[in-house]
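Structure, as structure tokens:
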Amino acid sequence: MKYSPHEYQKYATEYIETHPVAAVLLSMGLGKTSITLTALNDLLFDGFEIHKAIVIAPLRVARDTWPAEIEKWDHLGSLIYSVVVGTEAERLAALRRQADIYIINRENVAWLVENHRWDFDALVIDELSSFKSSKAQRFRALKKVRPLCGRVIGLTGTPAPQGPGGLPR
């Protein structure tokens, strides 16, 4: 399908491309994934500014949404991706595949940091609000490798708590 971005999507893509640390705060359905994939594609193949990206997302989103978005848009046809979910053997096999973008679920972040040489120069955290607790294992694991990432992109539709205890109203 031909990608015809809205003006706000063009703006967000350009922002990601020109800022090494960026956040995209948009409601669900407004194209955070396609915006980010477009920027990664440009950074990989036009600017040669990155070589290997890791996307961390909730399991269903990692397994289904990111691959579907890559397959959906014509302009992303050059992107090679590998989904790093499943058993440990399946995850290791996925990491051995040659790819531009690796997609993993957030529950396996600590495992990834402990069991794989961190060679990703771009980090995308989908649903950034799930990394808000500095006491969480995934937060602490990612903190170890964050200095190795020249680019960090955070995505969320819920940037701030809306009610008591951080729960949406």
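In the structure tokens, chains take the letters A, B, ... in the order shown, each chain's residues start at 1, and ligands count up from 1 in the order shown.
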How close does each residue of region 31-126 of chain A get to region 145-152 of chain A, giving the shortest atom pair and distance in Å to one decimal for every residue with an atom at most 12 Å away, counting only C-alpha atoms, sorted by chain and residue number, as a Markdown table?
```
| residue | atom | partner | partner_atom | distance |
| --- | --- | --- | --- | --- |
| A:Thr36 | CA | A:Val152 | CA | 11.0 |
| A:Ala39 | CA | A:Arg151 | CA | 11.3 |
| A:Leu40 | CA | A:Arg151 | CA | 10.1 |
| A:Leu43 | CA | A:Arg151 | CA | 10.2 |
| A:Leu44 | CA | A:Arg151 | CA | 11.9 |
| A:Glu49 | CA | A:Gly150 | CA | 9.2 |
| A:Ile50 | CA | A:Arg151 | CA | 8.2 |
| A:His51 | CA | A:Gly150 | CA | 10.7 |
| A:Lys52 | CA | A:Cys149 | CA | 10.0 |
| A:Ala53 | CA | A:Arg151 | CA | 9.0 |
| A:Ile54 | CA | A:Cys149 | CA | 9.8 |
| A:Val55 | CA | A:Val152 | CA | 10.0 |
| A:Ile56 | CA | A:Val152 | CA | 11.2 |
| A:Val109 | CA | A:Val145 | CA | 10.7 |
| A:Ala110 | CA | A:Val145 | CA | 10.6 |
| A:Leu112 | CA | A:Val145 | CA | 10.5 |
| A:Val113 | CA | A:Val145 | CA | 7.4 |
| A:Glu114 | CA | A:Val145 | CA | 10.2 |
| A:His116 | CA | A:Val145 | CA | 11.2 |
| A:Arg117 | CA | A:Val145 | CA | 9.9 |
| A:Trp118 | CA | A:Val145 | CA | 7.1 |
| A:Asp119 | CA | A:Leu148 | CA | 7.9 |
| A:Phe120 | CA | A:Cys149 | CA | 6.5 |
| A:Asp121 | CA | A:Cys149 | CA | 4.4 |
| A:Ala122 | CA | A:Arg151 | CA | 4.6 |
| A:Leu123 | CA | A:Val152 | CA | 4.8 |
| A:Val124 | CA | A:Val152 | CA | 5.9 |
| A:Ile125 | CA | A:Val152 | CA | 7.8 |
| A:Asp126 | CA | A:Val152 | CA | 10.9 |
```
Enumerate the residues of region 13-138 of chain A with a DSSP assignment of strand (DSSP E), computed from the backbone, and present them as a list in words. Val21, Ala22, Ala23, Val24, Leu25, Ala53, Ile54, Val55, Ile56, Ala57, Tyr81, Ser82, Val83, Val84, Ile101, Tyr102, Ile103, Ile104, Asn105, Ala122, Leu123, Val124, Ile125 and Asp126 of chain A
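Those residues that approach Phe139 (chain A) to within 10 Å, counting only C-alpha atoms, are Arg106, Val109, Ala110, Ser130, Phe131, Lys132 and Ser133 of chain A; same-chain residues fewer than 6 positions away are not listed.
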I need the chosen residues saved as a PDB file, in the first residue's frame, with N, CA, C and O atoms.
```
ATOM      1  N   ARG A 106       8.681  -6.901  25.664  1.00  0.00           N
ATOM      2  CA  ARG A 106       9.324  -6.256  26.809  1.00  0.00           C
ATOM      3  C   ARG A 106       9.677  -7.223  27.930  1.00  0.00           C
ATOM      4  O   ARG A 106      10.599  -6.972  28.688  1.00  0.00           O
ATOM      5  N   VAL A 109      13.405  -8.359  27.681  1.00  0.00           N
ATOM      6  CA  VAL A 109      14.476  -7.363  27.612  1.00  0.00           C
ATOM      7  C   VAL A 109      15.660  -7.771  28.490  1.00  0.00           C
ATOM      8  O   VAL A 109      16.810  -7.739  28.047  1.00  0.00           O
ATOM      9  N   ALA A 110      15.392  -8.152  29.729  1.00  0.00           N
ATOM     10  CA  ALA A 110      16.487  -8.546  30.632  1.00  0.00           C
ATOM     11  C   ALA A 110      17.228  -9.756  30.058  1.00  0.00           C
ATOM     12  O   ALA A 110      18.465  -9.797  30.081  1.00  0.00           O
ATOM     13  N   SER A 130       5.448   1.789  29.977  1.00  0.00           N
ATOM     14  CA  SER A 130       5.663   0.518  30.673  1.00  0.00           C
ATOM     15  C   SER A 130       7.093   0.404  31.222  1.00  0.00           C
ATOM     16  O   SER A 130       7.434  -0.588  31.851  1.00  0.00           O
ATOM     17  N   PHE A 131       7.915   1.412  30.983  1.00  0.00           N
ATOM     18  CA  PHE A 131       9.284   1.444  31.501  1.00  0.00           C
ATOM     19  C   PHE A 131       9.462   2.552  32.543  1.00  0.00           C
ATOM     20  O   PHE A 131      10.564   2.991  32.798  1.00  0.00           O
ATOM     21  N   LYS A 132       8.366   2.977  33.160  1.00  0.00           N
ATOM     22  CA  LYS A 132       8.464   4.108  34.072  1.00  0.00           C
ATOM     23  C   LYS A 132       9.029   3.753  35.440  1.00  0.00           C
ATOM     24  O   LYS A 132       9.553   4.616  36.123  1.00  0.00           O
ATOM     25  N   SER A 133       8.951   2.502  35.847  1.00  0.00           N
ATOM     26  CA  SER A 133       9.455   2.121  37.167  1.00  0.00           C
ATOM     27  C   SER A 133      10.939   1.789  37.110  1.00  0.00           C
ATOM     28  O   SER A 133      11.348   0.815  36.471  1.00  0.00           O
TER      29      SER A 133
END
```
Would you mind listing what lies within 12 Å of Gln98 (chain A) as a ChimeraX atom specification, with only C-alpha atoms counted and same-chain residues fewer than 3 positions away left out? /A:51-53,79-83,93-95,101-102
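Counting from CA of Tyr3 (chain A), the distance to CA of Arg60 (chain A) is 23.7 Å.
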Gap from CA of Thr33 (chain A) to CA of His75 (chain A) - Å, one decimal: 13.8 Å
Any idea what's packed within 12 Å of Lys2 (chain A), counting only C-alpha atoms, ignoring anything in its chain fewer than 3 positions away? Could you give it as a PyMOL selection string? chain A and resi 5+34+71-77
Using all heavy atoms, can you export the residues from the last selection as an mmCIF file, in the first residue's frame?
```
data_model
loop_
_atom_site.group_PDB
_atom_site.id
_atom_site.type_symbol
_atom_site.label_atom_id
_atom_site.label_comp_id
_atom_site.auth_asym_id
_atom_site.auth_seq_id
_atom_site.Cartn_x
_atom_site.Cartn_y
_atom_site.Cartn_z
ATOM 1 N N PRO A 5 1.554 10.061 4.150
ATOM 2 C CA PRO A 5 1.462 10.544 5.535
ATOM 3 C C PRO A 5 0.761 11.903 5.656
ATOM 4 O O PRO A 5 0.836 12.736 4.762
ATOM 5 C CB PRO A 5 2.922 10.655 5.965
ATOM 6 C CG PRO A 5 3.672 10.860 4.700
ATOM 7 C CD PRO A 5 2.919 10.100 3.644
ATOM 8 N N SER A 34 4.020 3.442 11.985
ATOM 9 C CA SER A 34 4.418 3.775 10.606
ATOM 10 C C SER A 34 5.358 4.977 10.575
ATOM 11 O O SER A 34 6.298 5.019 9.767
ATOM 12 C CB SER A 34 3.193 4.015 9.714
ATOM 13 O OG SER A 34 2.422 5.093 10.183
ATOM 14 N N GLU A 71 5.084 -5.025 6.525
ATOM 15 C CA GLU A 71 4.564 -5.683 5.315
ATOM 16 C C GLU A 71 3.542 -4.818 4.586
ATOM 17 O O GLU A 71 3.393 -4.928 3.370
ATOM 18 C CB GLU A 71 3.936 -7.034 5.681
ATOM 19 C CG GLU A 71 4.875 -8.030 6.314
ATOM 20 C CD GLU A 71 5.939 -8.559 5.377
ATOM 21 O OE1 GLU A 71 5.731 -8.533 4.142
ATOM 22 O OE2 GLU A 71 7.001 -8.974 5.874
ATOM 23 N N LYS A 72 2.837 -3.982 5.305
ATOM 24 C CA LYS A 72 1.736 -3.198 4.744
ATOM 25 C C LYS A 72 2.193 -2.104 3.774
ATOM 26 O O LYS A 72 1.580 -1.899 2.731
ATOM 27 C CB LYS A 72 0.951 -2.566 5.896
ATOM 28 C CG LYS A 72 -0.201 -1.676 5.491
ATOM 29 C CD LYS A 72 -0.884 -1.130 6.748
ATOM 30 C CE LYS A 72 -2.062 -0.258 6.415
ATOM 31 N NZ LYS A 72 -2.732 0.210 7.654
ATOM 32 N N TRP A 73 3.250 -1.407 4.115
ATOM 33 C CA TRP A 73 3.619 -0.197 3.374
ATOM 34 C C TRP A 73 4.686 -0.474 2.316
ATOM 35 O O TRP A 73 5.725 -1.036 2.600
ATOM 36 C CB TRP A 73 4.120 0.881 4.338
ATOM 37 C CG TRP A 73 3.088 1.233 5.364
ATOM 38 C CD1 TRP A 73 3.137 0.958 6.697
ATOM 39 C CD2 TRP A 73 1.838 1.893 5.142
ATOM 40 N NE1 TRP A 73 1.999 1.421 7.311
ATOM 41 C CE2 TRP A 73 1.191 1.996 6.378
ATOM 42 C CE3 TRP A 73 1.209 2.408 4.006
ATOM 43 C CZ2 TRP A 73 -0.064 2.595 6.530
ATOM 44 C CZ3 TRP A 73 -0.035 3.007 4.153
ATOM 45 C CH2 TRP A 73 -0.651 3.095 5.400
ATOM 46 N N ASP A 74 4.423 -0.039 1.094
ATOM 47 C CA ASP A 74 5.333 -0.249 -0.039
ATOM 48 C C ASP A 74 6.727 0.317 0.216
ATOM 49 O O ASP A 74 7.725 -0.307 -0.124
ATOM 50 C CB ASP A 74 4.778 0.404 -1.316
ATOM 51 C CG ASP A 74 3.504 -0.247 -1.817
ATOM 52 O OD1 ASP A 74 3.221 -1.393 -1.392
ATOM 53 O OD2 ASP A 74 2.790 0.380 -2.611
ATOM 54 N N HIS A 75 6.801 1.502 0.808
ATOM 55 C CA HIS A 75 8.099 2.168 0.972
ATOM 56 C C HIS A 75 8.997 1.452 1.977
ATOM 57 O O HIS A 75 10.180 1.759 2.061
ATOM 58 C CB HIS A 75 7.906 3.639 1.353
ATOM 59 C CG HIS A 75 7.446 3.875 2.750
ATOM 60 N ND1 HIS A 75 6.187 3.504 3.201
ATOM 61 C CD2 HIS A 75 8.072 4.436 3.809
ATOM 62 C CE1 HIS A 75 6.063 3.835 4.466
ATOM 63 N NE2 HIS A 75 7.196 4.411 4.862
ATOM 64 N N LEU A 76 8.464 0.487 2.711
ATOM 65 C CA LEU A 76 9.265 -0.251 3.690
ATOM 66 C C LEU A 76 9.703 -1.613 3.153
ATOM 67 O O LEU A 76 10.204 -2.449 3.907
ATOM 68 C CB LEU A 76 8.457 -0.436 4.988
ATOM 69 C CG LEU A 76 7.983 0.854 5.655
ATOM 70 C CD1 LEU A 76 7.118 0.541 6.866
ATOM 71 C CD2 LEU A 76 9.158 1.739 6.029
ATOM 72 N N GLY A 77 9.559 -1.825 1.858
ATOM 73 C CA GLY A 77 9.866 -3.121 1.247
ATOM 74 C C GLY A 77 11.307 -3.575 1.395
ATOM 75 O O GLY A 77 11.599 -4.758 1.306
#
```
Enumerate as a JSON list (two decimals) with C-alpha atoms, in the first residue's frame all residues of region 68-121 of chain A assigned to helix (DSSP H, G or I) by DSSP on the backbone, naming them with the chain letters and numbers the document uses.
```json
[["chain", "number", "residue", "atom", "x", "y", "z"],
["A", 68, "ALA", "CA", 2.15, -6.26, 9.79],
["A", 69, "GLU", "CA", 3.07, -2.57, 9.47],
["A", 70, "ILE", "CA", 6.37, -3.41, 7.76],
["A", 71, "GLU", "CA", 4.56, -5.68, 5.32],
["A", 72, "LYS", "CA", 1.74, -3.20, 4.74],
["A", 74, "ASP", "CA", 5.33, -0.25, -0.04],
["A", 75, "HIS", "CA", 8.10, 2.17, 0.97],
["A", 76, "LEU", "CA", 9.26, -0.25, 3.69],
["A", 88, "GLU", "CA", 14.74, -19.37, 24.15],
["A", 89, "ALA", "CA", 15.81, -21.45, 21.12],
["A", 90, "GLU", "CA", 13.41, -19.51, 18.87],
["A", 91, "ARG", "CA", 14.64, -16.17, 20.23],
["A", 92, "LEU", "CA", 18.28, -17.12, 19.72],
["A", 93, "ALA", "CA", 17.54, -18.25, 16.16],
["A", 94, "ALA", "CA", 15.76, -14.94, 15.48],
["A", 95, "LEU", "CA", 18.78, -13.01, 16.77],
["A", 96, "ARG", "CA", 21.10, -14.99, 14.48],
["A", 106, "ARG", "CA", 9.32, -6.26, 26.81],
["A", 107, "GLU", "CA", 9.27, -9.32, 29.08],
["A", 108, "ASN", "CA", 12.43, -10.57, 27.34],
["A", 109, "VAL", "CA", 14.48, -7.36, 27.61],
["A", 110, "ALA", "CA", 16.49, -8.55, 30.63],
["A", 111, "TRP", "CA", 17.12, -11.90, 28.90],
["A", 112, "LEU", "CA", 18.30, -10.06, 25.76],
["A", 113, "VAL", "CA", 20.70, -7.82, 27.68],
["A", 114, "GLU", "CA", 22.14, -10.77, 29.61],
["A", 115, "ASN", "CA", 22.39, -13.24, 26.69]]
```
From the options A:Gly154, A:Pro58, A:Gly86, A:Gly31, which residue's atoms come nearest to His6 (chain A), counting only C-alpha atoms? A:Gly31
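The space between CA of Val24 (chain A) and CA of Thr156 (chain A) spans 6.6 Å.
Between Gly157 (chain A) and the residues A:Thr87, A:Thr13, A:Gln137, A:Ser129, the shortest atom-to-atom distance, using only C-alpha atoms, involves A:Ser129.
Take the candidates A:Ala62, A:Met28, A:Ala136, A:Val21 and check each one against Asn105 (chain A) using only C-alpha atoms; the shortest distance goes to A:Ala62.
Closest to Ile104 (chain A) among A:Thr158, A:Thr65, A:Thr18, A:Ser4 is A:Thr65, based on only C-alpha atoms.
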